[in-house]
Amino acid sequence: MSLFFYLSVFLTFTHFKYLLTGHLKMNLAQNDTSSCIFYIFVLITIYRIMEQFRKHLTAHDIKPSLQRMMIYEYLYKNHNHPTADDIYSALAPSIPTLSKTTVYNTLKLFVTNGVAIVLNIEGNELRYDADTSVHGHFKCKGCGNLFDIKITTPPDIEGIEGFQVDEYQINLKGYCKICKKTEK
Ligand SMILES: [Zn+2]
Ligand SMILES: [Zn+2]
């Protein structure tokens, strides 16, 4: 994987682009040498993160294309369990060639190959999570946010003797700390 690949990944990150644009303007005015060190530092950091993502996807038999890397990066950084539409809306401005179908297919591949889990908390809505460790979720009926919750002891489940359990999800619903205050 060439450095150019990571440079292109790097350039498509809107947040870093804005950060650099701001920094560039500042440094053009100041004309100091710290800008060079800053760019190198940011580049190395991004390179190392992307390299970890690339290895992770490859280890799960997923060919790390640019779009897949960016979808995984988004999922990894956004712990709010986004839907496919959320991911598409967030990435489309940075990747003009991205289609909704690509996002859906990529997420499906991520789930099948074990780098993400899919959650069906309400209705037909599917939400995705890059955290594949055993954990539960709390859906707030006020703000609609989905929070991760830790599960330390497996619950006692009766009546499934002889059954084959393929999936295991613990979903709680209620009001989060902030919404509880405003709820009457
Ligand atoms: Zn809430
Ligand atoms: Zn989660």
# chains A, B, ... in the order shown; residues from 1 in each chain; ligands from 1
$ select_by_dssp --residues "chain A" --states "alpha helix (DSSP H)" --output "ChimeraX atom specification"
/A:3-12,14-30,34-59,66-77,84-91,100-112,177-182
$ residues_near_ligand --ligand "ligand 2" --cutoff "12 Å" --atoms "only C-alpha atoms and all ligand atoms" --output "ChimeraX atom specification"
/A:75-76,78-82,116-121,127-139,145-151,169-171
$ atom_distance --atom1 "CA of Gly162 (chain A)" --atom2 "CA of Thr112 (chain A)"
25.0 Å
$ closest_atom_pairs --of "chain A" --to "ligand 1" --cutoff "6 Å" --atoms "only C-alpha atoms and all ligand atoms" --output "tab-separated table"
residue	atom	partner	partner_atom_place_in_ligand_line	distance
A:Cys140	CA	ligand 1	1 (Zn)	4.7
A:Gly142	CA	ligand 1	1 (Zn)	4.6
A:Cys143	CA	ligand 1	1 (Zn)	3.9
A:Tyr175	CA	ligand 1	1 (Zn)	5.4
A:Cys176	CA	ligand 1	1 (Zn)	4.2
A:Ile178	CA	ligand 1	1 (Zn)	5.7
A:Cys179	CA	ligand 1	1 (Zn)	4.3
$ closest_residue --among "A:Gln67, A:Tyr47, A:Asn113, A:Glu167" --to "Pro96 (chain A)" --atoms "only C-alpha atoms"
A:Gln67
$ closest_residue --among "A:Gly114, A:Cys36, A:Lys173, A:Phe41" --to "Ile62 (chain A)" --atoms "only C-alpha atoms"
A:Gly114
$ closest_residue --among "A:Asn124, A:Gln164, A:Thr106, A:Thr153" --to "Ser65 (chain A)" --atoms "only C-alpha atoms"
A:Thr106
$ select_by_dssp --residues "region 95-132 of chain A" --states "strand (DSSP E)" --output "list in words"
Ile117, Val118, Leu119, Arg127, Tyr128 and Asp129 of chain A
$ write_last_selection --atoms "C-alpha atoms" --output "short mmCIF file (atom, residue, chain, number, x, y, z; two decimals), in the first residue's frame"
data_model
loop_
_atom_site.label_atom_id
_atom_site.label_comp_id
_atom_site.auth_asym_id
_atom_site.auth_seq_id
_atom_site.Cartn_x
_atom_site.Cartn_y
_atom_site.Cartn_z
CA ILE A 117 -22.18 -5.61 14.49
CA VAL A 118 -25.65 -4.68 13.32
CA LEU A 119 -28.30 -3.63 15.81
CA ARG A 127 -27.64 0.67 13.29
CA TYR A 128 -23.99 -0.27 13.10
CA ASP A 129 -21.24 -0.58 15.68
#
$ closest_residue --among "A:Leu109, A:Ile95, A:Thr45, A:Phe38" --to "Leu57 (chain A)" --atoms "only C-alpha atoms"
A:Leu109
$ closest_residue --among "A:Val165, A:Gln52, A:Glu125, A:Lys63" --to "Ala84 (chain A)" --atoms "only C-alpha atoms"
A:Glu125
$ residues_around --residues "region 98-104 of chain A" --least-positions-apart "6" --cutoff "8 Å" --atoms "only C-alpha atoms" --output "list in words"
Gln67, Ile71, Ala84, Asp85, Ile87, Tyr88, Leu91 and Ala92 of chain A
$ atom_distance --atom1 "CA of His56 (chain A)" --atom2 "CA of Asn105 (chain A)"
18.3 Å
$ atom_distance --atom1 "CA of Ser89 (chain A)" --atom2 "CA of Arg54 (chain A)"
23.1 Å
$ closest_residue --among "A:Thr182, A:Thr97, A:Thr33, A:Thr83" --to "Leu66 (chain A)" --atoms "only C-alpha atoms"
A:Thr97
